[in-house]
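What follows is the content of data.cif, which has mmCIF, C-alpha atoms:
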data_run
#
loop_
_atom_site.label_atom_id
_atom_site.label_comp_id
_atom_site.auth_asym_id
_atom_site.auth_seq_id
_atom_site.Cartn_x
_atom_site.Cartn_y
_atom_site.Cartn_z
CA MET A 1 -1.86 -17.11 -7.21
CA ASN A 2 -5.26 -17.20 -5.60
CA ASN A 3 -4.47 -15.50 -2.31
CA LYS A 4 -4.48 -11.74 -2.07
CA ILE A 5 -1.23 -9.85 -2.52
CA GLU A 6 -0.52 -7.36 0.23
CA ILE A 7 1.33 -4.08 -0.38
CA LYS A 8 3.69 -2.86 2.37
CA LYS A 9 6.19 -0.03 2.58
CA LEU A 10 9.75 -1.42 2.50
CA ASN A 11 12.42 -0.63 5.07
CA ILE A 12 16.02 0.18 4.04
CA LYS A 13 17.21 -3.43 4.37
CA GLN A 14 14.34 -4.63 2.15
CA ILE A 15 15.02 -1.86 -0.42
CA VAL A 16 18.66 -2.96 -0.68
CA PHE A 17 17.57 -6.60 -1.03
CA VAL A 18 15.08 -5.79 -3.83
CA TYR A 19 17.55 -3.53 -5.62
CA ASN A 20 20.29 -6.16 -5.63
CA LYS A 21 18.08 -9.22 -6.22
CA SER A 22 15.93 -7.83 -9.01
CA LEU A 23 16.09 -4.16 -9.96
CA LYS A 24 19.75 -4.23 -11.04
CA LYS A 25 19.05 -7.26 -13.22
CA GLU A 26 15.65 -6.27 -14.64
CA PHE A 27 16.27 -2.65 -15.62
CA PRO A 28 19.03 -1.42 -17.95
CA ALA A 29 21.62 0.99 -16.55
CA ASN A 30 20.16 4.00 -18.38
CA GLU A 31 16.78 3.37 -16.65
CA ARG A 32 18.16 2.63 -13.19
CA ARG A 33 18.52 5.14 -10.36
CA PRO A 34 21.53 4.66 -8.10
CA LEU A 35 20.62 2.85 -4.87
CA THR A 36 21.88 5.77 -2.77
CA MET A 37 19.48 8.14 -4.57
CA ILE A 38 16.56 5.79 -3.81
CA ILE A 39 17.53 5.45 -0.13
CA VAL A 40 18.02 9.21 0.33
CA GLY A 41 14.67 9.89 -1.40
CA ALA A 42 12.93 7.33 0.82
CA ALA A 43 14.43 8.95 3.93
CA LYS A 44 13.34 12.44 2.75
CA GLY A 45 9.83 11.27 1.86
CA THR A 46 10.21 12.02 -1.87
CA TYR A 47 10.52 8.38 -2.87
CA GLU A 48 8.29 5.49 -1.83
CA CYS A 49 9.28 1.83 -2.06
CA LEU A 50 6.50 -0.73 -1.81
CA GLY A 51 6.83 -4.48 -1.62
CA ALA A 52 4.26 -6.95 -2.90
CA PHE A 53 3.89 -9.77 -0.39
CA TYR A 54 2.25 -13.14 -0.90
CA LYS A 55 1.96 -15.32 2.22
CA ASP A 56 4.44 -12.99 3.98
CA LYS A 57 7.07 -13.48 1.27
CA ILE A 58 8.11 -10.61 -0.99
CA ILE A 59 7.38 -11.51 -4.61
CA GLY A 60 7.65 -8.14 -6.33
CA TYR A 61 7.87 -4.41 -5.85
CA ALA A 62 6.75 -0.99 -7.01
CA PHE A 63 8.88 2.13 -6.47
CA PHE A 64 7.57 5.68 -6.84
CA VAL A 65 8.83 9.25 -6.92
CA LYS A 66 6.51 11.17 -4.57
CA HIS A 67 5.55 14.83 -4.60
CA GLY A 68 2.61 15.64 -2.36
CA ASP A 69 -0.29 13.52 -3.59
CA ASP A 70 1.24 12.88 -7.03
CA TYR A 71 3.36 9.84 -7.81
CA LEU A 72 5.62 8.77 -10.66
CA TRP A 73 5.71 5.01 -10.91
CA ASP A 74 9.41 4.40 -11.37
CA TYR A 75 9.72 0.60 -11.22
CA LEU A 76 7.32 -2.31 -11.03
CA ALA A 77 8.41 -5.91 -11.30
CA VAL A 78 7.60 -9.43 -10.17
CA PHE A 79 10.46 -11.67 -9.08
CA GLU A 80 11.18 -14.19 -11.83
CA LYS A 81 10.02 -17.21 -9.78
CA TYR A 82 6.49 -15.74 -9.53
CA ARG A 83 5.98 -14.58 -13.11
CA CYS A 84 3.29 -15.89 -15.46
CA LYS A 85 1.01 -16.72 -12.52
CA GLY A 86 -1.11 -13.56 -12.48
CA ALA A 87 1.03 -11.82 -9.86
CA GLY A 88 1.71 -8.76 -12.05
CA ALA A 89 -1.98 -8.04 -12.54
CA GLN A 90 -2.62 -8.54 -8.83
CA ILE A 91 0.22 -6.17 -7.93
CA ILE A 92 -1.18 -3.48 -10.22
CA LYS A 93 -4.61 -3.90 -8.65
CA ALA A 94 -3.14 -3.76 -5.11
CA VAL A 95 -1.04 -0.68 -5.93
CA ARG A 96 -4.06 1.03 -7.48
CA ASN A 97 -6.00 0.32 -4.29
CA HIS A 98 -3.08 1.56 -2.16
CA TYR A 99 -3.13 4.89 -4.04
CA LYS A 100 -6.91 5.16 -4.44
CA THR A 101 -6.96 8.65 -2.89
CA ALA A 102 -3.88 9.95 -4.76
CA HIS A 103 -4.29 12.88 -7.12
CA SER A 104 -2.27 11.05 -9.76
CA VAL A 105 -0.08 8.02 -10.36
CA ILE A 106 1.71 8.10 -13.70
CA GLY A 107 4.44 5.86 -15.07
CA GLU A 108 6.71 5.05 -17.97
CA VAL A 109 6.59 2.15 -20.39
CA GLU A 110 9.16 1.70 -23.13
CA ASN A 111 7.85 2.89 -26.49
CA PRO A 112 7.74 -0.07 -28.93
CA ASP A 113 7.83 2.34 -31.89
CA CYS A 114 11.40 3.24 -30.89
CA ALA A 115 12.72 -0.32 -30.54
CA GLU A 116 15.97 -1.14 -32.30
CA ASP A 117 14.83 -4.54 -33.58
CA ASN A 118 11.74 -6.75 -33.88
CA GLU A 119 12.58 -8.81 -30.79
CA ASP A 120 12.77 -5.68 -28.61
CA ARG A 121 9.63 -4.28 -30.27
CA ASN A 122 7.70 -7.48 -29.44
CA VAL A 123 8.81 -7.43 -25.79
CA MET A 124 7.96 -3.74 -25.43
CA SER A 125 4.58 -4.22 -27.12
CA ARG A 126 3.69 -7.11 -24.80
CA ARG A 127 4.68 -5.02 -21.78
CA LEU A 128 2.61 -2.01 -22.93
CA ASN A 129 -0.38 -4.22 -23.73
CA PHE A 130 -0.12 -5.85 -20.30
CA TYR A 131 -0.51 -2.46 -18.63
CA LEU A 132 -3.33 -1.40 -20.92
CA ARG A 133 -5.18 -4.69 -20.24
CA ASN A 134 -4.85 -3.92 -16.54
CA ARG A 135 -6.69 -0.60 -16.82
CA CYS A 136 -3.70 1.71 -17.16
CA ILE A 137 -4.35 4.61 -19.52
CA ASP A 138 -2.08 5.73 -22.36
CA THR A 139 -1.99 9.49 -21.71
CA GLY A 140 -0.74 10.35 -25.20
CA VAL A 141 2.42 11.88 -23.69
CA LYS A 142 5.84 10.56 -24.67
CA ALA A 143 9.26 11.19 -23.16
CA LEU A 144 12.92 10.74 -23.90
CA THR A 145 14.54 10.14 -20.52
CA PHE A 146 18.26 9.43 -20.28
CA GLY A 147 18.16 8.11 -23.85
CA ALA A 148 15.18 5.77 -23.29
CA HIS A 149 11.93 6.40 -25.17
CA PHE A 150 8.78 6.09 -23.06
CA ILE A 151 5.02 6.26 -23.31
CA ILE A 152 3.57 7.85 -20.18
CA ILE A 153 0.68 5.89 -18.70
CA GLN A 154 -1.64 6.61 -15.81
CA LEU A 155 -2.34 3.99 -13.16
CA ALA A 156 -4.59 5.86 -10.73
CA GLY A 157 -6.10 9.21 -9.85
CA LYS A 158 -8.43 11.45 -11.79
CA LYS A 159 -7.95 11.36 -15.58
CA LEU A 160 -5.43 14.03 -16.48
CA GLU A 161 -5.10 16.22 -19.57
CA LYS A 162 -1.90 15.86 -21.60
CA ALA A 163 -0.50 19.20 -20.43
CA GLU A 164 -0.97 18.18 -16.77
CA VAL A 165 0.67 14.79 -17.36
CA ALA A 166 3.67 16.49 -19.02
CA ARG A 167 3.92 19.03 -16.18
CA LEU A 168 3.78 16.33 -13.49
CA TYR A 169 6.31 14.12 -15.28
CA ARG A 170 8.79 17.00 -15.50
CA LYS A 171 8.13 17.97 -11.87
CA HIS A 172 8.80 14.45 -10.59
CA TYR A 173 12.17 14.37 -12.29
CA ARG A 174 13.03 17.95 -11.25
CA ILE A 175 12.52 17.11 -7.57
CA SER A 176 14.30 13.75 -7.72
CA LEU A 177 17.39 14.63 -9.76
CA PRO A 178 20.18 17.15 -9.36
CA LYS A 179 19.79 20.05 -11.81
CA HIS A 180 22.78 18.97 -13.93
CA LEU A 181 21.21 15.52 -14.47
CA TYR A 182 17.71 16.85 -15.15
CA GLU A 183 18.74 19.37 -17.80
CA GLY A 184 19.30 17.74 -21.17
CA ASN A 185 18.17 14.29 -20.00
CA ILE A 186 14.39 14.79 -19.64
CA LYS A 187 12.42 15.68 -22.77
CA VAL A 188 8.62 15.44 -22.89
CA TYR A 189 6.47 15.41 -26.04
CA ARG A 190 2.71 15.72 -26.44
#
Any chance you could put this one into structure tokens?
Amino acid sequence: MNNKIEIKKLNIKQIVFVYNKSLKKEFPANERRPLTMIIVGAAKGTYECLGAFYKDKIIGYAFFVKHGDDYLWDYLAVFEKYRCKGAGAQIIKAVRNHYKTAHSVIGEVENPDCAEDNEDRNVMSRRLNFYLRNRCIDTGVKALTFGAHFIIIQLAGKKLEKAEVARLYRKHYRISLPKHLYEGNIKVYR
């Protein structure tokens, strides 16, 4: 993909399309927010859904929990048809540029050390290494979120200390989840 990828905010119809076409298939149930929660958050301004467009066609997406000028990168994916062509790296670069004035953009990547088997460990390691190759920073913070083990990475913003990363991670989930879902489901380790 030689042409530049353009990042645009998605409307409700596009969010539903992306959720049904890709997000439901690409992310396991324990890592997937309900569509209604995403739509309500987008309407309230606490959730931002971006599409990655190539020649006016959506090829991927990046969804974020938003609190002021701090963002939690919730989902990032390239539609299957466009994978292995450099689109993922271009999307990360375009998203980083989109949030160049943000205080922070942090995200989750599955922790390969917690994989159940070698096949999962290899997939998780490749995914983590992809992000690290594309200038994302391993913050040293880990989380157990709804039973999934994550390494918290930083995509953009000023470099944060571990305590600040942990605080922001908790805050993003506190504002985006009902109290009964937050308590007992979000654990952060430094």
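Minimum distance to A:Lys85 across A:Ile15, A:Phe150, A:Ile59, A:Asp70 (counting all atoms listed in the file) occurs at A:Ile59.
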I need the output of the PyMOL selection byres ((chain A and resi 69) around 6) for this file as a list in words; which residues are they?
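Taken on the displayed file, the PyMOL selection byres ((chain A and resi 69) around 6) yields the residues Gly68, Asp70, Ala102 and His103 of chain A.
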Can you list every residue of stretch 74-168 of chain A that has an atom at most 12 Å from stretch 38-48 of chain A, with its nearest atom pair and the distance in Å to one decimal, using only C-alpha atoms, ordered by chain then number, as CSV?
residue,atom,partner,partner_atom,distance
A:Asp74,CA,A:Tyr47,CA,9.5
A:Tyr75,CA,A:Glu48,CA,10.7
A:Val95,CA,A:Glu48,CA,11.9
A:Tyr99,CA,A:Glu48,CA,11.6
Counting only C-alpha atoms, which residues of stretch 56-93 of chain A fall within 12 Å of stretch 122-127 of chain A, and what is the closest atom pair for each with its distance in Å at one decimal, ordered by chain and rising number, as a Markdown table?
| residue | atom | partner | partner_atom | distance |
| --- | --- | --- | --- | --- |
| A:Leu76 | CA | A:Arg127 | CA | 11.4 |
| A:Ala77 | CA | A:Arg127 | CA | 11.2 |
| A:Gly88 | CA | A:Arg127 | CA | 10.8 |
| A:Ala89 | CA | A:Arg127 | CA | 11.8 |
Could you tell me which residues the PyMOL selection byres ((chain A and resi 30-33) around 9) returns for this structure, as a list in words?
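Output of the PyMOL selection byres ((chain A and resi 30-33) around 9): Leu23, Lys24, Phe27, Pro28, Ala29, Pro34, Leu35, Thr36, Met37, Ile38, Tyr75, Thr145, Phe146, Gly147 and Ala148 of chain A.
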How would the residues just picked look written out with C-alpha atoms as an mmCIF file, in the coordinates of the input?
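So the final result, stored in part-v5.cif, reads:
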data_model
loop_
_atom_site.group_PDB
_atom_site.id
_atom_site.type_symbol
_atom_site.label_atom_id
_atom_site.label_comp_id
_atom_site.auth_asym_id
_atom_site.auth_seq_id
_atom_site.Cartn_x
_atom_site.Cartn_y
_atom_site.Cartn_z
ATOM 1 C CA LEU A 23 16.090 -4.160 -9.960
ATOM 2 C CA LYS A 24 19.750 -4.230 -11.040
ATOM 3 C CA PHE A 27 16.270 -2.650 -15.620
ATOM 4 C CA PRO A 28 19.030 -1.420 -17.950
ATOM 5 C CA ALA A 29 21.620 0.990 -16.550
ATOM 6 C CA PRO A 34 21.530 4.660 -8.100
ATOM 7 C CA LEU A 35 20.620 2.850 -4.870
ATOM 8 C CA THR A 36 21.880 5.770 -2.770
ATOM 9 C CA MET A 37 19.480 8.140 -4.570
ATOM 10 C CA ILE A 38 16.560 5.790 -3.810
ATOM 11 C CA TYR A 75 9.720 0.600 -11.220
ATOM 12 C CA THR A 145 14.540 10.140 -20.520
ATOM 13 C CA PHE A 146 18.260 9.430 -20.280
ATOM 14 C CA GLY A 147 18.160 8.110 -23.850
ATOM 15 C CA ALA A 148 15.180 5.770 -23.290
#
Once you count only C-alpha atoms, what closest atom pair and distance in Å to one decimal does each residue of stretch 51-168 of chain A within 9 Å of stretch 174-181 of chain A have, with rows by chain and rising residue number, as a Markdown table?
| residue | atom | partner | partner_atom | distance |
| --- | --- | --- | --- | --- |
| A:Val65 | CA | A:Ser176 | CA | 7.1 |
| A:Lys66 | CA | A:Ser176 | CA | 8.8 |
| A:His67 | CA | A:Ile175 | CA | 7.9 |
| A:Phe146 | CA | A:Leu181 | CA | 8.9 |
Would you please work out which residue, of A:Lys8, A:His149, A:Lys55, A:Arg133, is nearest to A:Glu116 when using only C-alpha atoms?
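Checking each candidate against A:Glu116, we get A:His149 as the closest.
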Care to translate the PyMOL selection byres ((chain A and resi 162-166) around 8) into actual residues of this file, as a PyMOL selection string?
chain A and resi 106+139-141+160-161+167-170+188-190
From A:Ile152, A:Leu144, A:Ala52, A:Val16, residue lying nearest A:His98 [only C-alpha atoms]
A:Ala52
Atomic separation - atom CA of A:Gly157 relative to atom CA of A:Val109, Å
17.9 Å
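Across the model, the gap from atom CA of A:Ile5 to atom CA of A:Gln90 is 6.6 Å.
Residues lying within 9 Å of A:Val18, counting all atoms listed in the file and ignoring same-chain neighbours fewer than 3 positions away, are Lys13, Gln14, Ile15, Lys21, Ser22, Leu23, Lys24, Gly51, Ile58, Gly60 and Tyr61 of chain A.
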Keeping only C-alpha atoms, write those residues as an mmCIF file, in the frame of the given file.
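Dumped everything to again.cif:
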data_model
loop_
_atom_site.group_PDB
_atom_site.id
_atom_site.type_symbol
_atom_site.label_atom_id
_atom_site.label_comp_id
_atom_site.auth_asym_id
_atom_site.auth_seq_id
_atom_site.Cartn_x
_atom_site.Cartn_y
_atom_site.Cartn_z
ATOM 1 C CA LYS A 13 17.210 -3.430 4.370
ATOM 2 C CA GLN A 14 14.340 -4.630 2.150
ATOM 3 C CA ILE A 15 15.020 -1.860 -0.420
ATOM 4 C CA LYS A 21 18.080 -9.220 -6.220
ATOM 5 C CA SER A 22 15.930 -7.830 -9.010
ATOM 6 C CA LEU A 23 16.090 -4.160 -9.960
ATOM 7 C CA LYS A 24 19.750 -4.230 -11.040
ATOM 8 C CA GLY A 51 6.830 -4.480 -1.620
ATOM 9 C CA ILE A 58 8.110 -10.610 -0.990
ATOM 10 C CA GLY A 60 7.650 -8.140 -6.330
ATOM 11 C CA TYR A 61 7.870 -4.410 -5.850
#
If you take every atom of stretch 142-161 of chain A that the file lists and fit an axis-aligned box around them with 6 Å extra on each side, what centre and edge lengths come out in Å to one decimal, as lines of an AutoDock Vina configuration file?
center_x = 4.9
center_y = 10.1
center_z = -17.5
size_x = 38.7
size_y = 24.2
size_z = 27.3
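Nearest residue to A:Asn20, choosing from A:Ile92, A:His172, A:Cys114, A:Phe79 and counting all atoms listed in the file: A:Phe79.
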